[in-house]
Every structure is written in C-alpha cells, then in structure tokens.
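Asker: So that you have it, the file is my_file.cif, and it contains mmCIF, C-alpha atoms:
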data_data
#
loop_
_atom_site.label_atom_id
_atom_site.label_comp_id
_atom_site.auth_asym_id
_atom_site.auth_seq_id
_atom_site.Cartn_x
_atom_site.Cartn_y
_atom_site.Cartn_z
CA MET A 650 13.92 -5.70 -1.80
CA SER A 651 16.32 -8.49 -1.04
CA ASN A 652 16.46 -11.40 -3.41
CA LYS A 653 15.41 -13.81 -0.69
CA LEU A 654 12.21 -11.91 0.10
CA ALA A 655 11.44 -11.32 -3.58
CA LYS A 656 11.84 -15.01 -4.46
CA LYS A 657 9.69 -16.01 -1.51
CA TYR A 658 6.71 -13.76 -2.19
CA PHE A 659 6.78 -12.74 -5.86
CA ARG A 660 5.89 -14.56 -9.04
CA MET A 661 9.33 -13.80 -10.42
CA ASP A 662 8.37 -14.54 -14.03
CA LYS A 663 5.80 -11.71 -13.88
CA LEU A 664 8.35 -9.03 -12.94
CA PRO A 665 9.33 -6.28 -13.71
CA HIS A 666 5.86 -4.90 -13.07
CA ILE A 667 3.96 -2.67 -15.53
CA TRP A 668 3.70 0.38 -13.24
CA CYS A 669 5.20 3.57 -14.65
CA PRO A 670 8.70 4.76 -13.70
CA GLY A 671 8.45 6.40 -10.26
CA CYS A 672 4.98 5.02 -9.44
CA GLY A 673 4.60 4.69 -5.68
CA HIS A 674 2.63 1.45 -5.92
CA GLY A 675 5.80 -0.65 -6.07
CA ILE A 676 6.96 0.80 -2.74
CA LEU A 677 3.56 0.13 -1.18
CA MET A 678 3.46 -3.46 -2.45
CA ARG A 679 6.86 -4.05 -0.89
CA SER A 680 5.60 -2.65 2.44
CA VAL A 681 2.59 -4.98 2.38
CA ILE A 682 4.87 -7.97 1.73
CA GLN A 683 7.18 -6.89 4.53
CA ALA A 684 4.19 -6.79 6.91
CA ILE A 685 3.16 -10.33 5.93
CA ASP A 686 6.77 -11.51 6.33
CA ASN A 687 7.10 -9.85 9.76
CA LEU A 688 3.98 -11.66 10.94
CA GLY A 689 5.36 -14.94 9.58
CA LEU A 690 2.02 -15.89 8.01
CA ASN A 691 1.68 -19.14 6.09
CA LYS A 692 1.48 -18.22 2.39
CA ASP A 693 -1.39 -20.65 1.86
CA LYS A 694 -3.39 -18.94 4.58
CA VAL A 695 -3.23 -15.51 2.94
CA CYS A 696 -5.63 -14.39 0.22
CA VAL A 697 -5.05 -11.12 -1.62
CA VAL A 698 -8.04 -9.71 -3.51
CA SER A 699 -8.17 -6.71 -5.83
CA GLY A 700 -10.53 -4.92 -8.18
CA ILE A 701 -9.57 -2.97 -11.29
CA GLY A 702 -7.03 -0.22 -11.67
CA CYS A 703 -3.30 0.37 -11.37
CA SER A 704 -3.25 -0.70 -7.71
CA SER A 705 -5.23 -3.81 -8.47
CA ARG A 706 -2.41 -5.17 -10.62
CA ALA A 707 -0.58 -6.02 -7.39
CA PRO A 708 -2.00 -9.51 -6.71
CA GLY A 709 -0.83 -10.59 -10.17
CA TYR A 710 2.74 -10.28 -8.95
CA LEU A 711 2.19 -11.86 -5.54
CA ASP A 712 2.58 -15.56 -4.85
CA PHE A 713 -0.36 -16.09 -2.46
CA ASN A 714 -3.94 -17.16 -3.08
CA THR A 715 -4.94 -14.19 -5.23
CA LEU A 716 -8.06 -12.96 -6.94
CA HIS A 717 -8.36 -10.14 -9.49
CA THR A 718 -12.02 -9.21 -9.61
CA THR A 719 -14.36 -6.74 -11.33
CA HIS A 720 -14.20 -2.97 -10.89
CA GLY A 721 -15.08 -1.86 -7.37
CA ARG A 722 -16.16 -5.32 -6.22
CA ALA A 723 -12.98 -6.49 -4.49
CA LEU A 724 -14.60 -6.15 -1.06
CA ALA A 725 -17.73 -8.00 -2.18
CA PHE A 726 -15.62 -10.95 -3.39
CA ALA A 727 -13.44 -10.74 -0.28
CA THR A 728 -16.53 -10.89 1.95
CA GLY A 729 -17.52 -14.14 0.22
CA ILE A 730 -14.03 -15.59 0.65
CA LYS A 731 -13.94 -14.68 4.33
CA MET A 732 -17.40 -16.12 5.00
CA ALA A 733 -16.47 -19.42 3.31
CA ASN A 734 -12.96 -19.61 4.84
CA PRO A 735 -12.92 -17.69 8.13
CA ASP A 736 -9.38 -18.87 8.92
CA LEU A 737 -7.89 -17.14 5.85
CA HIS A 738 -6.15 -13.78 6.24
CA VAL A 739 -7.97 -11.79 3.58
CA ILE A 740 -6.18 -8.68 2.35
CA VAL A 741 -7.80 -6.38 -0.18
CA VAL A 742 -5.54 -4.21 -2.33
CA THR A 743 -7.56 -1.54 -4.05
CA GLY A 744 -7.28 1.96 -5.45
CA ASP A 745 -9.00 5.25 -4.72
CA GLY A 746 -11.31 5.03 -7.74
CA ASP A 747 -11.98 1.35 -7.17
CA SER A 748 -12.81 1.62 -3.46
CA ALA A 749 -14.28 5.10 -3.12
CA ALA A 750 -16.15 5.63 -6.41
CA ILE A 751 -17.62 2.51 -8.01
CA GLY A 752 -16.93 0.41 -4.92
CA GLY A 753 -17.94 3.01 -2.36
CA ASN A 754 -21.03 1.12 -1.30
CA HIS A 755 -19.11 -2.12 -0.77
CA LEU A 756 -16.57 -0.24 1.30
CA ILE A 757 -19.08 1.25 3.72
CA HIS A 758 -20.98 -2.01 4.12
CA ALA A 759 -17.87 -4.11 4.68
CA ALA A 760 -16.85 -1.55 7.32
CA ARG A 761 -20.34 -1.57 8.85
CA ARG A 762 -20.25 -5.35 9.24
CA ASN A 763 -16.78 -5.23 10.78
CA ILE A 764 -15.77 -8.33 8.82
CA ASP A 765 -12.16 -9.38 9.40
CA ILE A 766 -10.67 -8.04 6.17
CA THR A 767 -7.62 -5.80 5.88
CA THR A 768 -8.13 -3.20 3.16
CA VAL A 769 -5.14 -1.31 1.81
CA VAL A 770 -6.08 1.55 -0.52
CA PHE A 771 -3.26 2.62 -2.83
CA ASN A 772 -4.42 6.22 -3.23
CA ASN A 773 -2.78 8.04 -6.15
CA ASN A 774 -5.49 10.75 -6.37
CA ILE A 775 -6.40 9.89 -9.97
CA TYR A 776 -7.60 7.16 -12.35
CA GLY A 777 -4.18 6.27 -13.70
CA MET A 778 -4.90 3.20 -15.81
CA THR A 779 -7.64 4.81 -17.91
CA GLY A 780 -5.76 8.02 -18.62
CA GLY A 781 -5.94 10.47 -15.73
CA GLN A 782 -9.62 11.15 -15.04
CA TYR A 783 -10.27 12.81 -11.67
CA SER A 784 -11.27 10.48 -8.84
CA PRO A 785 -13.13 11.01 -5.54
CA THR A 786 -9.79 11.71 -3.86
CA THR A 787 -8.45 14.26 -6.37
CA PRO A 788 -8.03 17.40 -4.23
CA THR A 789 -10.44 20.27 -5.00
CA GLY A 790 -9.02 22.54 -7.68
CA ASP A 791 -6.57 19.99 -9.07
CA LYS A 792 -6.69 18.98 -12.70
CA GLY A 793 -7.44 15.73 -14.49
CA THR A 794 -8.19 14.89 -18.11
CA THR A 795 -11.92 15.17 -17.25
CA ALA A 796 -11.34 18.36 -15.22
CA PRO A 797 -9.11 20.50 -17.45
CA TYR A 798 -10.01 23.70 -15.54
CA GLY A 799 -9.76 22.15 -12.10
CA ASN A 800 -11.91 19.74 -10.15
CA ILE A 801 -14.79 21.42 -8.29
CA ASP A 802 -15.73 18.35 -6.22
CA LYS A 803 -14.71 18.11 -2.60
CA ASN A 804 -12.41 15.15 -2.08
CA PHE A 805 -13.10 12.29 0.31
CA ASP A 806 -11.25 11.78 3.57
CA LEU A 807 -11.20 8.00 3.21
CA CYS A 808 -10.10 7.26 6.79
CA LYS A 809 -12.95 9.33 8.22
CA LEU A 810 -15.36 7.62 5.82
CA ALA A 811 -14.23 4.15 6.92
CA LYS A 812 -14.32 5.06 10.60
CA GLY A 813 -17.76 6.62 10.24
CA ALA A 814 -19.04 3.49 8.53
CA GLY A 815 -17.83 1.30 11.40
CA SER A 816 -14.27 0.19 10.61
CA THR A 817 -12.49 -0.79 13.85
CA TYR A 818 -8.98 0.05 12.69
CA THR A 819 -7.96 2.94 10.45
CA GLY A 820 -4.56 4.34 9.62
CA ARG A 821 -2.87 6.44 7.00
CA ALA A 822 0.69 6.62 5.70
CA THR A 823 2.44 7.52 2.46
CA ALA A 824 4.81 5.92 -0.01
CA TYR A 825 7.56 8.01 1.59
CA HIS A 826 6.77 6.48 5.00
CA ALA A 827 7.22 2.90 3.79
CA ASN A 828 8.02 1.48 7.23
CA LEU A 829 4.91 3.08 8.72
CA ILE A 830 2.78 1.37 6.05
CA THR A 831 4.34 -1.94 7.07
CA LYS A 832 3.52 -1.27 10.71
CA LEU A 833 -0.08 -0.25 9.99
CA VAL A 834 -0.75 -3.22 7.69
CA GLN A 835 0.74 -5.53 10.30
CA LYS A 836 -1.57 -4.17 13.00
CA GLY A 837 -4.46 -4.21 10.54
CA ILE A 838 -3.97 -7.91 9.84
CA GLU A 839 -3.74 -8.60 13.58
CA ASN A 840 -6.93 -6.61 14.27
CA LYS A 841 -9.95 -8.90 14.47
CA GLY A 842 -12.36 -6.85 12.40
CA PHE A 843 -12.40 -4.50 9.43
CA SER A 844 -9.10 -2.66 9.07
CA PHE A 845 -8.68 0.22 6.69
CA ILE A 846 -5.29 1.59 5.70
CA GLU A 847 -5.01 4.51 3.30
CA ALA A 848 -1.61 4.40 1.63
CA LEU A 849 -0.89 7.59 -0.31
CA SER A 850 0.97 6.86 -3.51
CA VAL A 851 2.47 9.06 -6.19
CA CYS A 852 1.42 9.14 -9.86
CA PRO A 853 4.03 11.19 -11.72
CA THR A 854 2.66 10.17 -15.14
CA TYR A 855 -0.88 11.54 -14.83
CA TYR A 856 -1.57 13.37 -11.58
CA GLY A 857 1.94 14.82 -11.36
CA ARG A 858 2.17 15.93 -14.97
CA LYS A 859 -1.37 17.38 -15.11
CA ASN A 860 -0.80 19.41 -11.95
CA LYS A 861 2.85 20.35 -12.49
CA LYS A 862 3.99 18.53 -9.36
CA GLY A 863 7.42 17.66 -10.76
CA ASP A 864 8.94 14.22 -11.09
CA ALA A 865 8.59 11.19 -8.82
CA SER A 866 11.25 12.43 -6.37
CA ASP A 867 9.59 15.86 -6.08
CA MET A 868 6.26 14.22 -5.35
CA MET A 869 7.86 11.95 -2.74
CA LYS A 870 9.46 15.02 -1.13
CA HIS A 871 6.05 16.69 -1.05
CA LEU A 872 4.60 13.66 0.78
CA LYS A 873 7.42 13.93 3.29
CA ASP A 874 7.01 17.67 3.86
CA ALA A 875 3.21 17.71 3.95
CA SER A 876 2.83 14.82 6.40
CA ILE A 877 2.48 15.14 10.14
CA ASN A 878 2.14 12.25 12.56
CA VAL A 879 -1.04 12.08 14.59
CA LYS A 880 1.05 11.74 17.78
CA ALA A 881 2.74 15.09 17.09
CA ILE A 882 -0.56 17.01 17.05
CA LYS A 883 -2.27 15.22 19.92
CA ASN A 884 -2.18 18.07 22.44
CA LYS A 885 -2.13 20.98 20.01
CA THR A 886 -5.46 22.57 19.20
CA ASN A 887 -4.57 25.69 17.25
CA GLU A 888 -2.12 24.21 14.75
CA ASN A 889 -2.93 24.92 11.10
CA LEU A 890 -3.53 21.49 9.60
CA GLU A 891 -5.43 22.53 6.48
CA ASP A 892 -2.89 21.35 3.93
CA LYS A 893 -1.37 18.64 6.09
CA ILE A 894 -1.60 14.91 5.61
CA ILE A 895 -2.22 13.36 9.02
CA ILE A 896 -0.46 10.00 9.17
CA GLY A 897 -0.24 7.22 11.73
CA GLU A 898 -2.74 5.03 13.52
CA LEU A 899 -5.95 7.08 13.54
CA TYR A 900 -8.47 4.78 15.18
CA ASN A 901 -8.40 1.44 16.96
CA SER A 902 -11.26 -0.22 18.81
CA GLN A 903 -12.82 -3.61 19.48
CA GLU A 904 -16.26 -4.63 18.19
CA PRO A 905 -17.87 -8.06 17.54
CA GLU A 906 -16.51 -9.54 14.32
CA TYR A 907 -18.93 -10.59 11.56
CA THR A 908 -17.86 -14.19 10.81
CA GLU A 909 -17.72 -14.97 14.53
CA GLN A 910 -21.24 -13.64 15.02
CA TYR A 911 -22.37 -15.72 12.05
CA LYS A 912 -20.74 -18.84 13.52
CA LYS A 913 -22.54 -18.25 16.80
CA ILE A 914 -25.90 -18.39 15.01
CA ILE A 915 -24.93 -21.63 13.25
CA ASN A 916 -23.80 -23.18 16.53
CA ARG A 917 -27.02 -22.13 18.25
CA PHE A 918 -29.12 -24.07 15.75
CA LYS A 919 -26.76 -27.04 15.77
CA LYS A 920 -27.39 -27.40 19.50
CA GLU A 921 -31.16 -27.19 19.11
CA ARG A 922 -31.22 -30.07 16.65
CA MET B 453 25.77 -14.02 9.28
CA ALA B 454 27.24 -11.08 7.43
CA THR B 455 27.26 -7.73 9.23
CA VAL B 456 25.66 -4.72 7.61
CA MET B 457 28.94 -3.27 6.35
CA GLU B 458 29.86 -6.55 4.65
CA LYS B 459 26.77 -6.29 2.50
CA GLU B 460 27.07 -4.84 -0.96
CA LEU B 461 24.82 -2.86 -3.26
CA ILE B 462 23.33 -5.04 -5.93
CA ILE B 463 21.54 -3.57 -8.95
CA ASN B 464 19.18 -5.49 -11.18
CA LYS B 465 19.55 -3.44 -14.37
CA LYS B 466 16.78 -5.34 -16.12
CA TRP B 467 14.21 -4.09 -13.61
CA CYS B 468 15.39 -0.46 -13.23
CA LYS B 469 13.16 2.10 -14.96
CA GLY B 470 15.36 5.09 -14.10
CA CYS B 471 12.83 7.04 -11.99
CA GLY B 472 15.66 8.55 -9.92
CA ILE B 473 14.05 8.11 -6.50
CA CYS B 474 17.05 6.19 -5.09
CA VAL B 475 19.46 8.78 -6.49
CA ASN B 476 17.58 11.70 -4.91
CA PHE B 477 17.01 10.07 -1.53
CA CYS B 478 20.52 8.65 -1.06
CA PRO B 479 21.95 10.52 1.97
CA LYS B 480 25.55 10.06 0.82
CA ASP B 481 25.18 10.77 -2.91
CA VAL B 482 26.42 7.32 -3.88
CA LEU B 483 24.18 6.76 -6.87
CA GLU B 484 23.69 8.37 -10.29
CA LEU B 485 21.65 7.78 -13.41
CA LYS B 486 23.75 6.63 -16.34
CA ASN B 487 21.97 6.19 -19.68
CA GLY B 488 18.67 6.22 -17.81
CA ILE B 489 19.64 3.37 -15.47
CA VAL B 490 20.91 3.59 -11.89
CA ASN B 491 24.64 3.26 -11.45
CA VAL B 492 26.91 3.16 -8.38
CA LYS B 493 29.04 6.30 -8.61
CA ASP B 494 30.98 6.07 -5.36
CA GLU B 495 30.62 2.80 -3.44
CA SER B 496 33.27 3.78 -0.85
CA SER B 497 30.99 6.43 0.72
CA CYS B 498 28.01 4.08 0.97
CA ILE B 499 26.92 3.58 4.59
CA LYS B 500 24.59 0.65 3.73
CA CYS B 501 21.57 2.41 5.20
CA GLY B 502 19.26 0.60 2.81
CA LEU B 503 17.11 3.63 1.98
CA CYS B 504 17.51 2.94 -1.76
CA GLU B 505 16.19 -0.57 -1.21
CA LEU B 506 13.28 0.74 0.88
CA ARG B 507 12.23 3.34 -1.68
CA CYS B 508 12.90 1.58 -5.00
CA PRO B 509 9.48 1.01 -6.60
CA ASP B 510 10.93 -1.59 -8.95
CA TYR B 511 12.96 -3.73 -6.52
CA ALA B 512 15.98 -3.07 -8.74
CA ILE B 513 18.47 -2.12 -6.00
CA TYR B 514 19.15 -3.83 -2.70
CA LEU B 515 21.75 -4.66 -0.12
CA GLY B 516 22.80 -8.23 -0.72
CA GLY B 517 25.02 -10.50 1.28
CA LEU B 518 26.26 -14.04 1.32
CA GLU B 519 23.33 -15.34 3.34
CA ASP B 520 20.97 -13.82 0.79
CA GLY B 521 21.87 -16.51 -1.74
CA GLU B 522 23.07 -14.19 -4.48
CA GLU B 523 24.16 -15.50 -7.79
#
Can the structure in the file be given as structure tokens, please?

Answerer:
Amino acid sequence: MSNKLAKKYFRMDKLPHIWCPGCGHGILMRSVIQAIDNLGLNKDKVCVVSGIGCSSRAPGYLDFNTLHTTHGRALAFATGIKMANPDLHVIVVTGDGDSAAIGGNHLIHAARRNIDITTVVFNNNIYGMTGGQYSPTTPTGDKGTTAPYGNIDKNFDLCKLAKGAGSTYTGRATAYHANLITKLVQKGIENKGFSFIEALSVCPTYYGRKNKKGDASDMMKHLKDASINVKAIKNKTNENLEDKIIIGELYNSQEPEYTEQYKKIINRFKKER
Amino acid sequence: MATVMEKELIINKKWCKGCGICVNFCPKDVLELKNGIVNVKDESSCIKCGLCELRCPDYAIYLGGLEDGEE
C-alpha cells in the first residue's frame, strides 16, 4: 500500500499489525480501505465496528470512528450506532467464528431487518486467535485442535445464510482476488440496506498447518485455482462445482431500509401532534 | 505526475514478516527472501505491475513515486 494511502487511513503508530506472517487479513483490510478511498467518503462519516477474533483486530489499525466490541456482538452494536446516526456509513469487520457461531443470531436478524450496514466477514475457516479450534466454516473432514480426527459438522455457506435471512446484497471473494473484494465492498457500501461480503482469508499458522495446506503462498494459489466467478457459470448447468468457491456478486435487490422505515414512523407521529 | 515506469519499488523492512507471498506471485521473479526479509534481486526486470503491493499482507512493499511524498 502506498505511503500516502497508509498515512491517510492507518494509525501509523499501531503498525506493523499483530497478524501472523502470511495471514490474509492484511490483504483484506487493504481492500476495504481501497473501497472507502475509491468512494471518497469523509473519514468522520465512517464507523468501523468489530467483535472479537483475529479479524476484529482490524479497526484498531484504522483511523476512522472505530469500535471494538464483545464477542459476536459487532452487529448488535452496529445496529445501535446506525439507529442513532443514520447518516454514518457503518462497516462491520468480523470473522467466521464471530459472525456465524456466537454472533449467528445477530447476523440473521440484522439481515432480516435490512438495516444499512456493510458486513465484511474475514473468513479464515478456523478460530485463529484462541489456538485453532474448528469454526462453523471449517470444511467437513478438516482438522482443528478440537477436531483432531476431522470435523464432522457440515460447514455454513455464509452467503446463502445471509441471503436467506433477508440481506439485499451478498458477494464473495478471496484474499487472492483483492480487487474484487474492493469492488464488492464498494457496492456494498453504496447499497441502501444490509450488505454481506464474505472475504475468504488464509490462516497458514493454524488452519494451514493442521490440514497440511502448505505455506501462505500455497494457500493463496489454492484460492486462485479453486475459485470460479459466478458470471462464468451462469449458463452452465452440468458443471461440477462441488469443490469450487463461487466468487463475485451473488445477489442484489432493493427492499425498504430499516432506519428509513423507522424515521417514517417518527415523522407520522410528529405530524399528528 | 510520475508515470508508472518512473515509480520505484520501496520496501519497509521494519514491517516485512517474510511470508514470501510477494516473492511467489511476482510475474518477473524480481524479488527474493534474504535473511527472512524481502529483498529486490533484479530491479531491471521489474515491470511495475504492483502485484506485490496488492498482495502484501503487511504493507511492507509498494510502488512509490515523487508525488507519493516519500522520505
């Protein structure tokens, strides 16, 4: 990242960050910043909220209004922020464990309400910070410290979950496709409603080592080889997509936004007075 | 404004953790790891594509230019 961009958006005294060598989160954080820079948003009008976990360290390095909250509750805090300050651009940076396990309920309800929050999930398929326990997105059969013989749970498809719960914008990209993340986050911020972006990261320290996936570069190469853009499979029905990561803009629609609906109620009673 | 080819590779050695992503994804094999830190092996073949900058998780390598306000 260029010095100019870094000095503009980072708390320089907090860097270098604490993420492990080769962790994909740094790439994803850069992509999010690039999206904010491309949109030319006023720094004081952006609020970045996170929960607990490796991913949730991100707001500590970012020079916006930031909030580091309790485990899984980033979306609950973000809902409060958005209700109190509807003109803020609220961006939630969260992890797979944070958003899909302990915060799963907050995720589905924020999506159901279609509140104008952009959620970026840094999905590294494992609980990295606490030592490599399997998470709801650890693929079936893969190992973690709490699943030494392989995980028997079926993993979540987070984008389908968000869409099913009512999110009006969903997209997926990987740390290898850094520019696509930027594009999706940009469109997510522009979308008036709940936007959900799943950003696949790499965790060479825990997930990679436990599952013999090689080093950071090998894992990045895997993301590249396993990904297929949703546009490329549009008119193909019999393609084998079992082990593929489908990336790109997956869903985009327009629904009434929560804070606007809330304001309408307030205005209705103001008139009656 | 400086053109792309006038830009130069700048490495912040304090921030590099030696993960090797930039080395492995460089299309022209310009970079290497030296004592666990990234090092420019062959600057003359660099095409200034900026992929190292895009993929560096630690913001330790980037294309800098005069307008970037480098020290």

Asker: To verify the selection step, state as a list in words which residues the PyMOL selection byres ((chain A) within 7 of (chain B)) yields on this input.

Answerer: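 For this structure, the PyMOL selection byres ((chain A) within 7 of (chain B)) resolves to Met650, Ser651, Asn652, Lys653, Pro665, Pro670, Gly671, Cys672, Gly673, His674, Gly675, Ile676, Ala865 and Ser866 of chain A.
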
Asker: Using only C-alpha atoms, can you tell me which of A:Ile915, A:Leu724, A:Ile764, A:Ala733 comes closest to Asp747 in chain A?

Answerer: A:Leu724

Asker: Could you tell me how far CA of Asn491 in chain B lies from CA of Arg679 in chain A, in Å and to one decimal?

Answerer: 21.9 Å

Asker: Translate the PyMOL selection byres ((chain A and resi 687-703) around 8) into a concrete residue list for this structure, as a PyMOL selection string.

Answerer: chain A and resi 668+683-686+704-708+712-724+726-727+736-744+746-747+776-778+835

Asker: Restrict the selected residues to C-alpha atoms and save them as a compact mmCIF listing (two decimals), in the coordinates of the input.

Answerer:
# COMPACT_ATOMS: atom_id res chain seq x y z
CA TRP A 668 3.70 0.38 -13.24
CA GLN A 683 7.18 -6.89 4.53
CA ALA A 684 4.19 -6.79 6.91
CA ILE A 685 3.16 -10.33 5.93
CA ASP A 686 6.77 -11.51 6.33
CA SER A 704 -3.25 -0.70 -7.71
CA SER A 705 -5.23 -3.81 -8.47
CA ARG A 706 -2.41 -5.17 -10.62
CA ALA A 707 -0.58 -6.02 -7.39
CA PRO A 708 -2.00 -9.51 -6.71
CA ASP A 712 2.58 -15.56 -4.85
CA PHE A 713 -0.36 -16.09 -2.46
CA ASN A 714 -3.94 -17.16 -3.08
CA THR A 715 -4.94 -14.19 -5.23
CA LEU A 716 -8.06 -12.96 -6.94
CA HIS A 717 -8.36 -10.14 -9.49
CA THR A 718 -12.02 -9.21 -9.61
CA THR A 719 -14.36 -6.74 -11.33
CA HIS A 720 -14.20 -2.97 -10.89
CA GLY A 721 -15.08 -1.86 -7.37
CA ARG A 722 -16.16 -5.32 -6.22
CA ALA A 723 -12.98 -6.49 -4.49
CA LEU A 724 -14.60 -6.15 -1.06
CA PHE A 726 -15.62 -10.95 -3.39
CA ALA A 727 -13.44 -10.74 -0.28
CA ASP A 736 -9.38 -18.87 8.92
CA LEU A 737 -7.89 -17.14 5.85
CA HIS A 738 -6.15 -13.78 6.24
CA VAL A 739 -7.97 -11.79 3.58
CA ILE A 740 -6.18 -8.68 2.35
CA VAL A 741 -7.80 -6.38 -0.18
CA VAL A 742 -5.54 -4.21 -2.33
CA THR A 743 -7.56 -1.54 -4.05
CA GLY A 744 -7.28 1.96 -5.45
CA GLY A 746 -11.31 5.03 -7.74
CA ASP A 747 -11.98 1.35 -7.17
CA TYR A 776 -7.60 7.16 -12.35
CA GLY A 777 -4.18 6.27 -13.70
CA MET A 778 -4.90 3.20 -15.81
CA GLN A 835 0.74 -5.53 10.30

Asker: Enter the distance from CA of Leu756 in chain A to CA of Val770 in chain A, in Å, rounded to one decimal.

Answerer: 10.8 Å

Asker: Given the file above and the PyMOL selection byres ((chain A and resi 757) around 9), which residues are selected, and can you give them as a list in words?

Answerer: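 Listing what the PyMOL selection byres ((chain A and resi 757) around 9) selects in the shown file: Gly752, Gly753, Asn754, His755, Leu756, His758, Ala759, Ala760, Arg761, Arg762, Leu810, Ala811, Gly813, Ala814, Gly815 and Ser816 of chain A.
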